[in-house]
Amino acid sequence: MHEHIEQPWSVDTLARTAALARSAFFDRFTRNVGQAPMDRRAGRMAVAKDLLSRQKLGMA
């Protein structure tokens, strides 16, 4: 998810990538990361948006 931010990630596609059932993936991700998968993605996107707007960084 972090290496390929251009992908339209969903819990379904992440679960398939991890070769897990959707519910098993969601539970394991939440337990290990401390956030639900889409909450984690939204949080990282908010940080990226802030960095791009405040520090005039490029996409690379």
# chains A, B, ... in the order shown; residues from 1 in each chain; ligands from 1
>>> select_by_dssp(residues="chain A", states="alpha helix (DSSP H)", output="ChimeraX atom specification")
/A:11-17,22-33,37-55
>>> write_last_selection(atoms="N, CA, C and O atoms", output="short mmCIF file (atom, residue, chain, number, x, y, z; two decimals), in the first residue's frame")
data_model
loop_
_atom_site.label_atom_id
_atom_site.label_comp_id
_atom_site.auth_asym_id
_atom_site.auth_seq_id
_atom_site.Cartn_x
_atom_site.Cartn_y
_atom_site.Cartn_z
N VAL A 11 -9.88 -2.80 1.22
CA VAL A 11 -9.61 -3.92 2.11
C VAL A 11 -9.63 -5.21 1.31
O VAL A 11 -8.81 -6.11 1.54
N ASP A 12 -10.52 -5.32 0.35
CA ASP A 12 -10.59 -6.53 -0.49
C ASP A 12 -9.28 -6.76 -1.24
O ASP A 12 -8.76 -7.88 -1.25
N THR A 13 -8.76 -5.74 -1.91
CA THR A 13 -7.53 -5.93 -2.68
C THR A 13 -6.33 -6.16 -1.77
O THR A 13 -5.46 -6.95 -2.10
N LEU A 14 -6.29 -5.50 -0.64
CA LEU A 14 -5.21 -5.75 0.31
C LEU A 14 -5.26 -7.17 0.85
O LEU A 14 -4.24 -7.85 0.96
N ALA A 15 -6.46 -7.64 1.17
CA ALA A 15 -6.62 -9.00 1.67
C ALA A 15 -6.19 -10.02 0.61
O ALA A 15 -5.48 -10.99 0.92
N ARG A 16 -6.59 -9.80 -0.64
CA ARG A 16 -6.18 -10.70 -1.72
C ARG A 16 -4.67 -10.71 -1.87
O ARG A 16 -4.06 -11.76 -2.05
N THR A 17 -4.05 -9.54 -1.81
CA THR A 17 -2.60 -9.43 -1.92
C THR A 17 -1.90 -10.20 -0.79
O THR A 17 -0.87 -10.82 -1.00
N ARG A 22 -10.93 -11.43 3.86
CA ARG A 22 -11.06 -9.99 4.18
C ARG A 22 -11.12 -9.76 5.69
O ARG A 22 -10.42 -8.88 6.22
N SER A 23 -11.94 -10.51 6.40
CA SER A 23 -12.07 -10.31 7.85
C SER A 23 -10.78 -10.66 8.58
O SER A 23 -10.39 -9.96 9.52
N ALA A 24 -10.10 -11.71 8.15
CA ALA A 24 -8.82 -12.09 8.78
C ALA A 24 -7.78 -11.00 8.55
O ALA A 24 -7.02 -10.64 9.46
N PHE A 25 -7.72 -10.48 7.32
CA PHE A 25 -6.78 -9.41 7.02
C PHE A 25 -7.07 -8.18 7.87
O PHE A 25 -6.18 -7.60 8.48
N PHE A 26 -8.34 -7.76 7.90
CA PHE A 26 -8.73 -6.58 8.65
C PHE A 26 -8.34 -6.71 10.12
O PHE A 26 -7.74 -5.81 10.71
N ASP A 27 -8.67 -7.86 10.71
CA ASP A 27 -8.35 -8.09 12.13
C ASP A 27 -6.86 -8.08 12.38
O ASP A 27 -6.38 -7.45 13.31
N ARG A 28 -6.10 -8.78 11.53
CA ARG A 28 -4.65 -8.86 11.72
C ARG A 28 -3.99 -7.51 11.52
O ARG A 28 -3.13 -7.10 12.29
N PHE A 29 -4.38 -6.78 10.48
CA PHE A 29 -3.83 -5.46 10.22
C PHE A 29 -4.10 -4.53 11.39
O PHE A 29 -3.19 -3.86 11.89
N THR A 30 -5.35 -4.50 11.83
CA THR A 30 -5.74 -3.60 12.93
C THR A 30 -4.99 -3.94 14.21
O THR A 30 -4.51 -3.06 14.92
N ARG A 31 -4.85 -5.21 14.49
CA ARG A 31 -4.14 -5.65 15.69
C ARG A 31 -2.65 -5.27 15.63
O ARG A 31 -2.07 -4.78 16.59
N ASN A 32 -2.02 -5.47 14.48
CA ASN A 32 -0.58 -5.22 14.35
C ASN A 32 -0.21 -3.76 14.15
O ASN A 32 0.83 -3.31 14.62
N VAL A 33 -1.05 -3.01 13.44
CA VAL A 33 -0.74 -1.61 13.13
C VAL A 33 -1.38 -0.66 14.13
O VAL A 33 -0.88 0.43 14.37
N PRO A 37 -7.14 -0.60 8.19
CA PRO A 37 -6.36 -0.33 6.96
C PRO A 37 -6.69 0.99 6.27
O PRO A 37 -5.78 1.74 5.91
N MET A 38 -7.95 1.31 6.09
CA MET A 38 -8.29 2.54 5.38
C MET A 38 -8.05 3.78 6.25
O MET A 38 -7.75 4.85 5.73
N ASP A 39 -8.12 3.63 7.57
CA ASP A 39 -7.76 4.74 8.46
C ASP A 39 -6.27 5.03 8.34
O ASP A 39 -5.85 6.19 8.31
N ARG A 40 -5.47 3.97 8.24
CA ARG A 40 -4.02 4.13 8.08
C ARG A 40 -3.72 4.84 6.76
O ARG A 40 -2.91 5.76 6.71
N ARG A 41 -4.39 4.41 5.70
CA ARG A 41 -4.16 5.03 4.40
C ARG A 41 -4.57 6.50 4.41
O ARG A 41 -3.84 7.37 3.93
N ALA A 42 -5.71 6.80 4.99
CA ALA A 42 -6.19 8.18 5.04
C ALA A 42 -5.23 9.05 5.85
O ALA A 42 -4.95 10.20 5.48
N GLY A 43 -4.71 8.53 6.94
CA GLY A 43 -3.76 9.28 7.76
C GLY A 43 -2.48 9.59 7.02
O GLY A 43 -1.96 10.71 7.07
N ARG A 44 -1.97 8.61 6.28
CA ARG A 44 -0.74 8.83 5.51
C ARG A 44 -0.98 9.81 4.37
O ARG A 44 -0.11 10.61 4.04
N MET A 45 -2.15 9.76 3.76
CA MET A 45 -2.47 10.70 2.69
C MET A 45 -2.58 12.12 3.23
O MET A 45 -2.17 13.07 2.58
N ALA A 46 -3.11 12.27 4.43
CA ALA A 46 -3.20 13.59 5.05
C ALA A 46 -1.81 14.16 5.32
O ALA A 46 -1.56 15.35 5.10
N VAL A 47 -0.90 13.32 5.78
CA VAL A 47 0.48 13.76 6.02
C VAL A 47 1.12 14.18 4.69
O VAL A 47 1.77 15.23 4.60
N ALA A 48 0.92 13.38 3.64
CA ALA A 48 1.48 13.72 2.33
C ALA A 48 0.92 15.04 1.82
O ALA A 48 1.67 15.88 1.31
N LYS A 49 -0.37 15.23 1.96
CA LYS A 49 -1.00 16.48 1.52
C LYS A 49 -0.40 17.67 2.25
O LYS A 49 -0.08 18.70 1.65
N ASP A 50 -0.23 17.53 3.56
CA ASP A 50 0.34 18.61 4.36
C ASP A 50 1.77 18.91 3.93
O ASP A 50 2.14 20.07 3.75
N LEU A 51 2.57 17.87 3.73
CA LEU A 51 3.96 18.08 3.30
C LEU A 51 4.03 18.76 1.94
O LEU A 51 4.84 19.67 1.73
N LEU A 52 3.18 18.32 1.03
CA LEU A 52 3.19 18.92 -0.31
C LEU A 52 2.78 20.39 -0.28
O LEU A 52 3.34 21.22 -1.00
N SER A 53 1.81 20.72 0.55
CA SER A 53 1.32 22.10 0.56
C SER A 53 2.21 23.05 1.37
O SER A 53 2.38 24.19 0.99
N ARG A 54 2.79 22.56 2.45
CA ARG A 54 3.56 23.46 3.32
C ARG A 54 5.03 23.54 2.92
O ARG A 54 5.66 24.57 3.13
N GLN A 55 5.58 22.48 2.39
CA GLN A 55 7.02 22.48 2.14
C GLN A 55 7.37 22.53 0.65
O GLN A 55 8.52 22.42 0.28
#
